[in-house]
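Data from protein-v1.txt: compact mmCIF, C-alpha atoms
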```txt
# COMPACT_ATOMS: atom_id res chain seq x y z
CA MET H 1 64.06 0.45 -43.12
CA LEU H 2 61.70 1.12 -40.24
CA ARG H 3 58.21 1.90 -41.57
CA ARG H 4 55.99 4.74 -40.40
CA ARG H 5 52.85 3.40 -38.75
CA ILE H 6 49.18 4.13 -39.41
CA ILE H 7 47.20 3.52 -36.22
CA PRO H 8 43.40 3.51 -36.18
CA CYS H 9 42.21 4.43 -32.70
CA LEU H 10 39.22 2.83 -31.03
CA ASP H 11 37.80 5.16 -28.40
CA VAL H 12 35.81 2.71 -26.31
CA SER H 13 33.05 3.68 -23.89
CA GLY H 14 30.64 1.26 -22.24
CA GLY H 15 32.06 -1.53 -24.41
CA ARG H 16 31.34 0.33 -27.69
CA VAL H 17 33.50 2.32 -30.09
CA VAL H 18 32.59 6.00 -29.89
CA LYS H 19 34.10 9.16 -31.25
CA GLY H 20 33.44 12.66 -30.08
CA VAL H 21 34.15 16.07 -31.50
CA GLU H 22 36.63 17.86 -29.24
CA PHE H 23 36.09 15.19 -26.59
CA VAL H 24 32.33 15.76 -26.25
CA ASN H 25 29.22 14.74 -28.24
CA LEU H 26 30.06 11.05 -28.37
CA ARG H 27 28.65 9.00 -31.21
CA ASP H 28 28.31 5.19 -31.32
CA CYS H 29 30.55 3.60 -33.99
CA GLY H 30 30.28 -0.14 -33.32
CA GLU H 31 31.68 -3.12 -31.47
CA PRO H 32 35.39 -2.76 -30.62
CA VAL H 33 36.65 -6.32 -31.23
CA ASP H 34 34.98 -6.35 -34.68
CA ALA H 35 36.43 -2.93 -35.45
CA ALA H 36 39.90 -4.08 -34.34
CA LEU H 37 39.74 -7.11 -36.63
CA ARG H 38 38.43 -5.04 -39.54
CA TYR H 39 41.27 -2.52 -39.27
CA ALA H 40 43.89 -5.25 -38.87
CA GLU H 41 42.59 -6.84 -42.09
CA GLN H 42 42.69 -3.45 -43.84
CA GLY H 43 46.41 -3.21 -43.12
CA ALA H 44 46.55 -1.16 -39.91
CA ASP H 45 50.11 -1.30 -38.57
CA GLU H 46 48.93 -1.16 -34.97
CA LEU H 47 45.71 -0.55 -33.10
CA CYS H 48 45.14 1.80 -30.23
CA TRP H 49 42.33 1.06 -27.79
CA LEU H 50 41.46 3.99 -25.55
CA ASN H 51 39.05 3.32 -22.74
CA ILE H 52 37.62 6.82 -22.49
CA THR H 53 35.31 6.35 -19.53
CA ALA H 54 38.14 6.04 -17.05
CA GLY H 55 36.97 4.90 -13.65
CA ASN H 56 33.39 4.38 -14.72
CA GLU H 57 33.68 1.25 -16.80
CA ALA H 58 34.09 -2.14 -15.20
CA TRP H 59 37.78 -2.99 -15.37
CA ASP H 60 37.04 -6.71 -15.79
CA GLU H 61 34.93 -6.04 -18.87
CA LEU H 62 37.76 -4.04 -20.40
CA LEU H 63 40.25 -6.85 -19.72
CA ALA H 64 37.89 -9.43 -21.24
CA GLN H 65 37.43 -7.33 -24.39
CA VAL H 66 41.16 -6.66 -24.71
CA ALA H 67 41.83 -10.39 -24.31
CA ALA H 68 39.29 -11.18 -27.03
CA ALA H 69 40.83 -8.62 -29.40
CA GLY H 70 44.42 -9.48 -28.45
CA THR H 71 44.14 -13.17 -29.24
CA ARG H 72 42.34 -12.59 -32.55
CA ILE H 73 44.43 -9.86 -34.16
CA ASP H 74 47.97 -10.28 -35.48
CA VAL H 75 49.20 -6.68 -35.30
CA PRO H 76 50.26 -4.87 -32.12
CA LEU H 77 47.69 -3.47 -29.72
CA THR H 78 48.16 -0.46 -27.45
CA VAL H 79 45.63 -0.01 -24.66
CA GLY H 80 45.09 2.99 -22.43
CA GLY H 81 42.56 5.13 -20.63
CA GLY H 82 42.04 5.00 -16.90
CA VAL H 83 45.39 3.33 -16.23
CA SER H 84 46.14 4.60 -12.76
CA ASP H 85 48.75 2.25 -11.28
CA GLU H 86 51.26 -0.50 -12.02
CA PRO H 87 48.77 -3.37 -11.43
CA HIS H 88 46.58 -1.86 -14.18
CA VAL H 89 49.56 -2.03 -16.55
CA ARG H 90 50.29 -5.61 -15.51
CA ASP H 91 46.61 -6.59 -16.01
CA LEU H 92 46.46 -5.13 -19.52
CA LEU H 93 49.77 -6.67 -20.63
CA GLY H 94 48.60 -9.99 -19.22
CA ALA H 95 45.32 -9.69 -21.12
CA GLY H 96 47.20 -9.31 -24.39
CA ALA H 97 48.04 -5.62 -24.82
CA ASP H 98 51.50 -5.10 -26.34
CA LYS H 99 51.83 -1.58 -24.98
CA VAL H 100 49.96 0.34 -22.31
CA SER H 101 49.47 4.09 -22.37
CA ILE H 102 49.36 6.15 -19.20
CA ASN H 103 48.03 9.70 -19.18
CA SER H 104 46.61 11.56 -16.16
CA ALA H 105 48.07 9.18 -13.56
CA ALA H 106 51.57 9.93 -14.86
CA LEU H 107 50.96 13.67 -14.59
CA ASP H 108 49.67 13.22 -11.05
CA ARG H 109 52.58 10.99 -10.03
CA PRO H 110 55.45 11.01 -12.57
CA ALA H 111 57.35 8.26 -10.66
CA LEU H 112 54.70 5.82 -11.91
CA VAL H 113 56.30 5.94 -15.37
CA GLY H 114 59.63 4.72 -14.01
CA GLU H 115 58.05 2.00 -11.89
CA CYS H 116 56.17 0.59 -14.88
CA ALA H 117 59.15 0.86 -17.25
CA GLU H 118 61.43 -0.87 -14.77
CA ARG H 119 59.05 -3.74 -14.28
CA HIS H 120 57.77 -4.23 -17.84
CA GLY H 121 60.37 -2.52 -20.03
CA SER H 122 60.26 0.91 -21.69
CA GLN H 123 59.17 -0.61 -25.01
CA CYS H 124 55.68 -1.26 -23.65
CA ILE H 125 55.16 1.96 -21.69
CA VAL H 126 53.57 4.78 -23.69
CA VAL H 127 52.96 8.12 -22.03
CA ALA H 128 49.93 9.81 -23.56
CA ILE H 129 49.89 13.61 -23.43
CA ASP H 130 46.86 15.75 -24.20
CA ALA H 131 48.23 19.16 -25.19
CA ARG H 132 46.29 22.40 -25.45
CA ARG H 133 47.74 25.52 -27.03
CA THR H 134 48.26 28.49 -24.71
CA GLY H 135 49.82 31.32 -26.72
CA ALA H 136 53.21 30.24 -28.06
CA THR H 137 53.38 27.02 -26.01
CA TRP H 138 51.26 24.00 -25.16
CA GLU H 139 49.96 22.94 -21.80
CA ALA H 140 49.50 19.30 -20.78
CA VAL H 141 45.91 18.81 -19.63
CA ALA H 142 44.59 15.89 -17.59
CA SER H 143 41.38 13.88 -17.28
CA GLY H 144 40.44 14.01 -20.96
CA GLY H 145 40.96 17.75 -21.12
CA ARG H 146 38.82 18.62 -18.12
CA ARG H 147 41.69 19.46 -15.80
CA VAL H 148 44.48 22.01 -16.28
CA THR H 149 47.88 21.13 -14.85
CA GLY H 150 50.01 24.20 -15.57
CA ARG H 151 52.68 21.91 -17.02
CA ASP H 152 54.33 22.73 -20.32
CA ALA H 153 53.59 19.79 -22.64
CA VAL H 154 57.07 19.68 -24.23
CA GLU H 155 58.80 19.82 -20.82
CA TRP H 156 56.52 17.08 -19.56
CA ALA H 157 57.36 15.00 -22.66
CA LYS H 158 61.07 15.30 -21.84
CA GLU H 159 60.53 14.30 -18.22
CA ALA H 160 58.34 11.34 -19.18
CA VAL H 161 61.10 10.05 -21.48
CA GLU H 162 63.77 10.56 -18.80
CA ARG H 163 61.61 8.53 -16.44
CA GLY H 164 61.38 5.63 -18.88
CA ALA H 165 58.55 6.21 -21.36
CA GLY H 166 59.37 4.25 -24.52
CA GLU H 167 56.97 6.18 -26.71
CA LEU H 168 54.80 9.30 -26.58
CA LEU H 169 51.24 9.49 -27.86
CA VAL H 170 50.56 13.20 -28.14
CA THR H 171 47.08 14.51 -28.90
CA SER H 172 46.50 18.11 -29.85
CA MET H 173 43.29 18.94 -28.00
CA ASP H 174 42.75 21.99 -30.21
CA SER H 175 42.71 19.78 -33.31
CA ASP H 176 41.12 16.60 -31.95
CA GLY H 177 37.89 15.71 -33.72
CA THR H 178 37.93 18.91 -35.78
CA GLN H 179 39.42 17.26 -38.89
CA GLN H 180 41.55 20.33 -39.63
CA GLY H 181 44.90 18.56 -39.78
CA TYR H 182 47.52 17.69 -37.18
CA ALA H 183 49.18 20.37 -35.03
CA LEU H 184 52.43 20.28 -37.04
CA GLU H 185 54.22 22.91 -34.96
CA LEU H 186 53.69 20.94 -31.75
CA TYR H 187 55.19 17.79 -33.28
CA THR H 188 58.15 19.71 -34.69
CA ARG H 189 59.00 20.85 -31.16
CA LEU H 190 58.51 17.40 -29.68
CA LEU H 191 60.73 15.76 -32.32
CA GLU H 192 63.55 18.11 -31.32
CA ALA H 193 62.96 17.61 -27.60
CA VAL H 194 62.93 13.79 -27.27
CA ASP H 195 64.53 10.77 -28.95
CA VAL H 196 61.80 8.15 -28.51
CA PRO H 197 59.15 7.42 -31.16
CA ILE H 198 56.25 9.89 -31.26
CA ILE H 199 52.67 9.06 -32.26
CA ALA H 200 50.77 12.13 -33.51
CA SER H 201 47.07 12.26 -32.77
CA GLY H 202 44.17 14.65 -33.35
CA GLY H 203 42.88 16.45 -36.40
CA ALA H 204 43.17 14.02 -39.33
CA SER H 205 40.59 14.71 -42.02
CA SER H 206 42.29 13.14 -45.02
CA PRO H 207 45.14 10.87 -46.13
CA THR H 208 47.03 14.07 -46.96
CA ASP H 209 46.91 15.25 -43.33
CA ILE H 210 48.41 11.94 -42.23
CA ALA H 211 51.15 12.12 -44.88
CA ASP H 212 51.90 15.70 -43.77
CA VAL H 213 52.53 14.78 -40.13
CA LEU H 214 54.52 11.64 -41.01
CA GLU H 215 56.69 13.71 -43.32
CA LEU H 216 57.70 15.82 -40.32
CA GLY H 217 59.36 12.77 -38.83
CA VAL H 218 56.87 11.38 -36.33
CA SER H 219 56.96 7.57 -36.18
CA ALA H 220 53.23 7.04 -36.38
CA ALA H 221 49.95 8.81 -37.00
CA LEU H 222 46.82 7.94 -35.10
CA ALA H 223 43.33 8.68 -36.41
CA ALA H 224 39.81 7.73 -35.47
CA SER H 225 36.94 9.55 -37.22
CA ILE H 226 38.16 9.23 -40.79
CA PHE H 227 38.32 5.46 -40.40
CA HIS H 228 35.19 4.89 -38.28
CA ASP H 229 32.96 6.88 -40.58
CA GLY H 230 34.20 4.90 -43.56
CA ILE H 231 35.43 8.11 -45.21
CA HIS H 232 38.84 6.60 -45.90
CA THR H 233 40.37 3.15 -45.58
CA VAL H 234 43.78 2.43 -44.10
CA GLU H 235 44.95 1.44 -47.57
CA GLU H 236 43.98 4.83 -49.03
CA VAL H 237 46.04 6.53 -46.34
CA LYS H 238 49.00 4.26 -47.06
CA HIS H 239 48.71 4.98 -50.76
CA ALA H 240 48.90 8.74 -50.10
CA CYS H 241 51.99 8.18 -47.92
CA ARG H 242 53.72 6.04 -50.55
CA GLU H 243 53.15 8.78 -53.12
CA ARG H 244 55.27 11.02 -50.87
CA ASN H 245 57.96 8.33 -50.69
CA LEU H 246 57.36 7.72 -47.01
CA PRO H 247 58.43 4.25 -45.82
CA ILE H 248 55.14 2.40 -45.35
CA ARG H 249 54.45 -1.31 -44.85
CA MET N 1 48.63 -30.60 -35.47
CA THR N 2 52.12 -30.19 -34.07
CA ALA N 3 52.62 -30.17 -30.31
CA VAL N 4 54.52 -27.18 -28.93
CA THR N 5 55.10 -26.05 -25.37
CA VAL N 6 55.22 -22.32 -24.64
CA VAL N 7 57.43 -21.72 -21.61
CA ASP N 8 55.60 -19.44 -19.18
CA TYR N 9 57.95 -17.61 -16.83
CA GLY N 10 55.64 -14.70 -16.06
CA GLY N 11 56.50 -12.51 -19.03
CA GLY N 12 53.89 -10.86 -21.20
CA ASN N 13 52.52 -11.87 -24.61
CA VAL N 14 52.12 -15.59 -23.80
CA ARG N 15 48.42 -15.45 -24.66
CA SER N 16 48.87 -13.77 -28.01
CA LEU N 17 51.74 -16.10 -28.91
CA CYS N 18 49.62 -19.17 -28.05
CA ALA N 19 46.73 -17.85 -30.14
CA ALA N 20 49.06 -17.22 -33.08
CA LEU N 21 50.55 -20.74 -32.80
CA GLU N 22 47.06 -22.24 -32.73
CA ARG N 23 46.11 -20.31 -35.88
CA CYS N 24 49.16 -21.91 -37.52
CA GLY N 25 48.23 -25.47 -36.54
CA GLY N 26 50.09 -25.76 -33.25
CA GLU N 27 48.70 -27.87 -30.41
CA VAL N 28 49.80 -25.58 -27.61
CA THR N 29 50.63 -26.36 -23.99
CA VAL N 30 51.60 -23.49 -21.70
CA SER N 31 53.80 -24.56 -18.85
CA ALA N 32 56.03 -23.23 -16.10
CA ASP N 33 56.92 -26.76 -14.94
CA PRO N 34 60.51 -27.94 -15.62
CA VAL N 35 59.23 -31.55 -15.70
CA VAL N 36 56.86 -30.71 -18.57
CA ILE N 37 59.63 -28.82 -20.39
CA ALA N 38 61.93 -31.83 -19.96
CA SER N 39 59.47 -34.05 -21.84
CA SER N 40 58.50 -31.51 -24.53
CA GLU N 41 59.55 -32.12 -28.12
CA ARG N 42 59.15 -28.49 -29.31
CA LEU N 43 59.54 -25.34 -27.24
CA MET N 44 58.90 -21.64 -27.54
CA LEU N 45 60.20 -18.98 -25.21
CA ALA N 46 58.16 -15.78 -25.34
CA GLY N 47 59.44 -12.57 -23.92
CA GLN N 48 58.71 -8.96 -23.14
CA GLY N 49 60.40 -6.65 -20.74
CA ALA N 50 63.95 -6.73 -19.48
CA ALA N 51 66.49 -9.55 -19.89
CA GLY N 52 67.52 -9.37 -16.22
CA ALA N 53 63.98 -9.93 -14.95
CA ALA N 54 63.47 -12.75 -17.45
CA MET N 55 66.70 -14.50 -16.39
CA ARG N 56 65.86 -14.15 -12.70
CA ALA N 57 62.45 -15.72 -13.31
CA LEU N 58 63.92 -18.55 -15.40
CA ALA N 59 66.65 -19.30 -12.84
CA ALA N 60 64.35 -19.16 -9.81
CA THR N 61 61.87 -21.65 -11.28
CA GLY N 62 64.37 -24.22 -12.58
CA LEU N 63 63.32 -23.40 -16.13
CA ALA N 64 66.81 -22.20 -17.11
CA GLU N 65 68.23 -25.66 -16.46
CA ALA N 66 65.28 -27.33 -18.19
CA LEU N 67 65.84 -25.19 -21.30
CA CYS N 68 69.56 -26.06 -21.38
CA ASP N 69 68.65 -29.75 -21.07
CA ALA N 70 66.16 -29.39 -23.93
CA ALA N 71 68.88 -27.81 -26.09
CA ALA N 72 71.18 -30.74 -25.24
CA ARG N 73 68.40 -33.10 -26.43
CA HIS N 74 68.29 -31.14 -29.76
CA VAL N 75 64.64 -30.23 -29.29
CA PRO N 76 63.60 -27.39 -31.64
CA LEU N 77 63.53 -24.23 -29.51
CA LEU N 78 62.49 -20.76 -30.69
CA GLY N 79 62.95 -17.69 -28.51
CA VAL N 80 61.07 -14.50 -29.35
CA CYS N 81 62.26 -10.96 -28.53
CA VAL N 82 63.66 -11.16 -24.98
CA GLY N 83 63.23 -14.93 -25.45
CA LEU N 84 65.89 -14.65 -28.16
CA GLN N 85 68.11 -12.39 -26.06
CA VAL N 86 68.31 -14.77 -23.08
CA LEU N 87 69.64 -17.54 -25.37
CA PHE N 88 72.97 -15.68 -25.58
CA GLU N 89 75.87 -15.58 -23.11
CA ARG N 90 75.01 -12.30 -21.51
CA SER N 91 73.05 -9.08 -21.87
CA GLU N 92 74.26 -5.56 -21.35
CA GLU N 93 70.74 -4.76 -20.11
CA ASP N 94 70.94 -5.20 -16.33
CA ALA N 95 74.47 -6.64 -16.96
CA CYS N 96 73.09 -10.14 -16.55
CA ALA N 97 74.39 -13.61 -17.42
CA CYS N 98 72.03 -15.47 -19.76
CA LEU N 99 71.53 -19.10 -20.81
CA GLY N 100 74.67 -19.28 -22.98
CA LEU N 101 73.11 -21.54 -25.62
CA LEU N 102 74.33 -19.17 -28.37
CA HIS N 103 77.63 -17.29 -28.56
CA GLY N 104 77.52 -13.53 -28.26
CA CYS N 105 76.36 -10.65 -26.14
CA VAL N 106 73.15 -8.63 -26.29
CA ARG N 107 73.87 -4.89 -26.41
CA ARG N 108 71.96 -1.64 -26.57
CA ILE N 109 71.35 -0.74 -30.22
CA GLU N 110 73.85 1.91 -31.37
CA GLY N 111 73.32 4.37 -34.19
CA ALA N 112 69.51 4.46 -34.11
CA GLU N 113 67.87 7.87 -34.42
CA ARG N 114 65.14 6.86 -31.99
CA LEU N 115 64.90 4.04 -29.46
CA PRO N 116 63.10 1.79 -28.68
CA HIS N 117 63.10 0.28 -32.18
CA LEU N 118 59.30 0.16 -32.41
CA GLY N 119 57.46 -0.82 -35.54
CA TRP N 120 57.70 -2.76 -38.79
CA ASN N 121 61.05 -3.34 -40.42
CA ASP N 122 62.66 -5.57 -43.05
CA VAL N 123 64.01 -9.02 -42.22
CA ASP N 124 66.54 -10.18 -44.83
CA ALA N 125 68.10 -13.64 -44.89
CA ILE N 126 71.90 -13.90 -44.94
CA VAL N 127 72.00 -17.70 -44.56
CA GLU N 128 69.94 -20.45 -46.17
CA HIS N 129 68.03 -22.22 -43.45
CA PRO N 130 64.62 -23.93 -43.07
CA LEU N 131 63.47 -20.95 -40.98
CA THR N 132 64.47 -18.30 -43.54
CA VAL N 133 63.04 -19.72 -46.78
CA ASP N 134 60.09 -17.26 -46.79
CA LEU N 135 62.29 -14.17 -46.42
CA PRO N 136 62.47 -11.26 -47.09
CA ALA N 137 59.60 -10.13 -44.92
CA ILE N 138 58.45 -7.11 -42.92
CA ALA N 139 57.96 -7.85 -39.23
CA TYR N 140 57.03 -6.01 -36.04
CA PHE N 141 59.79 -5.13 -33.53
CA ALA N 142 59.67 -3.63 -30.03
CA HIS N 143 63.07 -3.49 -28.31
CA SER N 144 66.14 -1.39 -27.49
CA TYR N 145 68.68 -4.22 -27.11
CA ALA N 146 69.82 -6.71 -29.73
CA VAL N 147 72.66 -8.86 -30.99
CA THR N 148 74.65 -7.40 -33.86
CA ALA N 149 74.57 -8.88 -37.36
CA ASP N 150 78.16 -10.18 -37.14
CA ILE N 151 77.48 -12.91 -34.58
CA PRO N 152 78.08 -16.47 -35.88
CA SER N 153 74.46 -17.62 -35.41
CA ALA N 154 72.87 -14.79 -37.46
CA LEU N 155 70.37 -16.08 -40.04
CA ALA N 156 68.69 -12.81 -40.98
CA VAL N 157 69.43 -9.13 -40.43
CA THR N 158 67.55 -5.86 -40.00
CA ARG N 159 68.83 -2.36 -40.63
CA ILE N 160 68.04 0.35 -38.05
CA ASP N 161 69.47 3.66 -39.27
CA GLN N 162 73.27 3.28 -38.84
CA SER N 163 73.04 -0.11 -37.15
CA THR N 164 72.43 -3.65 -38.43
CA ILE N 165 71.11 -6.22 -35.99
CA ALA N 166 70.63 -9.98 -36.23
CA SER N 167 66.84 -10.34 -36.39
CA MET N 168 66.85 -14.15 -36.67
CA VAL N 169 69.44 -16.52 -35.25
CA ALA N 170 70.01 -20.28 -35.04
CA ARG N 171 72.66 -22.78 -34.10
CA GLY N 172 71.69 -26.43 -34.12
CA SER N 173 68.15 -26.76 -32.75
CA VAL N 174 68.25 -23.43 -30.88
CA ALA N 175 66.74 -20.50 -32.79
CA GLY N 176 65.40 -17.03 -32.12
CA ALA N 177 63.51 -14.14 -33.69
CA GLN N 178 64.00 -10.61 -32.41
CA PHE N 179 60.65 -9.53 -33.87
CA HIS N 180 57.24 -10.60 -32.58
CA PRO N 181 55.76 -13.29 -34.88
CA GLU N 182 52.47 -13.14 -32.97
CA ARG N 183 52.15 -9.48 -34.03
CA SER N 184 53.79 -9.65 -37.46
CA SER N 185 50.78 -10.62 -39.53
CA GLU N 186 51.78 -12.62 -42.64
CA ALA N 187 55.52 -12.65 -41.79
CA GLY N 188 54.73 -14.01 -38.34
CA ARG N 189 52.42 -16.74 -39.60
CA ARG N 190 55.07 -17.89 -42.04
CA LEU N 191 57.77 -18.10 -39.40
CA LEU N 192 55.53 -19.97 -36.94
CA ARG N 193 54.51 -22.48 -39.64
CA ARG N 194 58.16 -23.03 -40.58
CA PHE N 195 59.08 -23.48 -36.93
CA LEU N 196 56.28 -26.01 -36.36
CA ALA N 197 57.57 -27.99 -39.36
CA TRP N 198 61.26 -27.69 -38.42
CA ASP N 199 63.12 -30.79 -37.17
CA GLY N 200 65.84 -28.75 -35.49
CA SER N 201 68.49 -29.29 -38.15
CA ARG N 202 69.66 -27.09 -41.01
```

For the file at hand, write its structure as structure tokens.
Amino acid sequence: MLRRRIIPCLDVSGGRVVKGVEFVNLRDCGEPVDAALRYAEQGADELCWLNITAGNEAWDELLAQVAAAGTRIDVPLTVGGGVSDEPHVRDLLGAGADKVSINSAALDRPALVGECAERHGSQCIVVAIDARRTGATWEAVASGGRRVTGRDAVEWAKEAVERGAGELLVTSMDSDGTQQGYALELYTRLLEAVDVPIIASGGASSPTDIADVLELGVSAALAASIFHDGIHTVEEVKHACRERNLPIR
Amino acid sequence: MTAVTVVDYGGGNVRSLCAALERCGGEVTVSADPVVIASSERLMLAGQGAAGAAMRALAATGLAEALCDAAARHVPLLGVCVGLQVLFERSEEDACACLGLLHGCVRRIEGAERLPHLGWNDVDAIVEHPLTVDLPAIAYFAHSYAVTADIPSALAVTRIDQSTIASMVARGSVAGAQFHPERSSEAGRRLLRRFLAWDGSR
């Protein structure tokens, strides 16, 4: 049976792991390759590496760090942040990423999703969506939440899948960094709208929060703060999920 | 140390596969040269992406012929993911002809609630074979196409909702794993060690 995945996320800025609260107030949480190895040893099912200073960080440094992590870990690695065209995707896959996530560039030019999926296969193209609640619906926002797009997040999710996205990484901007639990209603809607795997992100404060969102039916839960701060280990999260009879590695 | 050549035809994950082989005691050469492949005594075919693109790259570089020659020499050959898929006669993905070293056709997975099949799943042996002695295991998959469990070369199977696929295959010295050993932690290390020790027979 296919297992649900627990994915620690490394938000990397200037070559260091950082984590902000609601995308601001960044704090330094260590060296990313070490963190990647530590989480892989703890039993992480996958690692997500988000380069959160898109455009500002030297691309070559990112590729070198991804290559160092990618050859040393033995679980899958998803890399994203600042991916703006197909050569970026090719570079990251060549460096050792197993999947590449595309966010703002896909909103700006949706055809990019299809171009990347056609060339590299849907299974390695993740479309990342940052969703912010607006009344009864959610809006997809771009550029780390700094730019409104007017696009309905669920409609954008459907289009991204039609264009070839093999997976969606959806972050609730209202929940991110607040540690108040995942935006369960958003994921319920997304699960009905698309038939690719969904990674839920934003809001985890405890193993229980992660079990709650996995129980909805999402394929994976991503979390950063609770792991970086040493509040909980990956194994504690997995234990909580097993207690709910969720299929966990 | 066991010498192994990883065939490089421009697909992804070559680096991570080489690193994983080295961790398991492999002395790894990466090559896109049919002459090197022709003199190699152990081969791995990595793979990511679409079968059609992989076959075009293999055919254009003369590597397809070199791989068929290697199979005729009974050199142990292990294909991974799309590297497994191109060993078969054809793939429904891009409707392309493949190497034809194994009988059967690669098809889109039917009966799965969500595709791609992304994540960790069980690998259960259905045949005794030097490559399956460590099973059962849980391994990492990333694909939407596969061969079904009823093909003659199936060694191990994996259940995906209403569908059962062949997750490991072998016939003679030609073998394949649909999962990614380089990303499958303990299960991957075990398979790579078994492959490096395998003489290409049952």

Exercise. Which polymer residues have any atom within 6 Å of an atom of Asp130 (chain H), counting all atoms listed in the file, with same-chain residues fewer than 5 positions away left out, as a PyMOL selection string?
Worked result: chain H and resi 140-141+170-171

Need the shell around Arg109 (chain H): protein/DNA/RNA residues with any atom at most 10 Å away, counting all atoms listed in the file. Skip same-chain ones fewer than 5 positions apart. Format as a short mmCIF file (atom, residue, chain, number, x, y, z; two decimals) with C-alpha atoms, in the coordinates of the input?
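Below you can see part_28.cif, which holds the result:
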```
data_model
loop_
_atom_site.label_atom_id
_atom_site.label_comp_id
_atom_site.auth_asym_id
_atom_site.auth_seq_id
_atom_site.Cartn_x
_atom_site.Cartn_y
_atom_site.Cartn_z
CA SER H 84 46.14 4.60 -12.76
CA ASP H 85 48.75 2.25 -11.28
CA SER H 104 46.61 11.56 -16.16
#
```

Given a cut-off of 8 Å, which residues of chain H touch chain N, counting all atoms listed in the file, written out as a PDB file with C-alpha atoms, in the coordinates of the input?
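Written output follows (out03.pdb):
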```
ATOM      1  CA  MET H   1      64.060   0.450 -43.120  1.00  0.00           C
ATOM      2  CA  LEU H   2      61.700   1.120 -40.240  1.00  0.00           C
ATOM      3  CA  ARG H   3      58.210   1.900 -41.570  1.00  0.00           C
ATOM      4  CA  ARG H   4      55.990   4.740 -40.400  1.00  0.00           C
ATOM      5  CA  ARG H   5      52.850   3.400 -38.750  1.00  0.00           C
ATOM      6  CA  ASP H  45      50.110  -1.300 -38.570  1.00  0.00           C
ATOM      7  CA  GLY H  70      44.420  -9.480 -28.450  1.00  0.00           C
ATOM      8  CA  THR H  71      44.140 -13.170 -29.240  1.00  0.00           C
ATOM      9  CA  ARG H  72      42.340 -12.590 -32.550  1.00  0.00           C
ATOM     10  CA  ILE H  73      44.430  -9.860 -34.160  1.00  0.00           C
ATOM     11  CA  ASP H  74      47.970 -10.280 -35.480  1.00  0.00           C
ATOM     12  CA  VAL H  75      49.200  -6.680 -35.300  1.00  0.00           C
ATOM     13  CA  PRO H  76      50.260  -4.870 -32.120  1.00  0.00           C
ATOM     14  CA  LEU H  93      49.770  -6.670 -20.630  1.00  0.00           C
ATOM     15  CA  GLY H  94      48.600  -9.990 -19.220  1.00  0.00           C
ATOM     16  CA  ALA H  95      45.320  -9.690 -21.120  1.00  0.00           C
ATOM     17  CA  GLY H  96      47.200  -9.310 -24.390  1.00  0.00           C
ATOM     18  CA  ALA H  97      48.040  -5.620 -24.820  1.00  0.00           C
ATOM     19  CA  ASP H  98      51.500  -5.100 -26.340  1.00  0.00           C
ATOM     20  CA  GLU H 118      61.430  -0.870 -14.770  1.00  0.00           C
ATOM     21  CA  ARG H 119      59.050  -3.740 -14.280  1.00  0.00           C
ATOM     22  CA  HIS H 120      57.770  -4.230 -17.840  1.00  0.00           C
ATOM     23  CA  GLY H 121      60.370  -2.520 -20.030  1.00  0.00           C
ATOM     24  CA  SER H 122      60.260   0.910 -21.690  1.00  0.00           C
ATOM     25  CA  GLN H 123      59.170  -0.610 -25.010  1.00  0.00           C
ATOM     26  CA  CYS H 124      55.680  -1.260 -23.650  1.00  0.00           C
ATOM     27  CA  GLY H 166      59.370   4.250 -24.520  1.00  0.00           C
ATOM     28  CA  GLU H 167      56.970   6.180 -26.710  1.00  0.00           C
ATOM     29  CA  ASP H 195      64.530  10.770 -28.950  1.00  0.00           C
ATOM     30  CA  VAL H 196      61.800   8.150 -28.510  1.00  0.00           C
ATOM     31  CA  PRO H 197      59.150   7.420 -31.160  1.00  0.00           C
ATOM     32  CA  ARG H 249      54.450  -1.310 -44.850  1.00  0.00           C
TER      33      ARG H 249
END
```

Exercise. Suppose you want the space between CA of Ala46 (chain N) and CA of Pro76 (chain N); what is it in Å?
Worked result: 14.3 Å

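For the pair CA of Glu89 (chain N) and CA of Gly164 (chain H), the interatomic distance is 26.0 Å.
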
Problem set entry | Distance criterion (only C-alpha atoms): nearest to Arg42 (chain N) out of N:Thr29, N:Ser201, N:Thr5, N:Thr164 |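 Counting only C-alpha atoms, the residue closest to Arg42 (chain N) is N:Thr5.
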
Exercise. With all atoms listed in the file as the atoms that count, which of N:Leu63, N:Val30, N:Ala3, N:Ala166 lies nearest to Ile126 (chain N)?
Worked result: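 Selected residue with least distance to Ile126 (chain N): N:Ala166.
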
Exercise. Leaving out Glu27 (chain N) and any residue of its chain fewer than 2 positions from it, which residues lie within 8 Å of it when counting all atoms listed in the file, given as JSON, numbers by chain?
Worked result: {"N": [1, 2, 3, 4, 21, 22, 25, 29]}

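CA of Leu155 (chain N) lies 5.9 Å from CA of Ala125 (chain N).
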
For this session: In the coordinates of the file, take the point (70.5, -9.3, -27.6) and a cut-off of 10 Å; then, counting all atoms listed in the file, name each qualifying protein, DNA or RNA residue as a ChimeraX atom specification.
Result: /N:51,81-93,104-109,143-148,165-167,178

Exercise. Which polymer residues have any atom within 12 Å of an atom of Glu61 (chain H), counting only C-alpha atoms, with same-chain residues fewer than 3 positions away left out, as JSON, numbers by chain?
Worked result: {"H": [12, 13, 14, 15, 16, 51, 56, 57, 58, 64, 65, 66, 67, 68, 92, 95]}
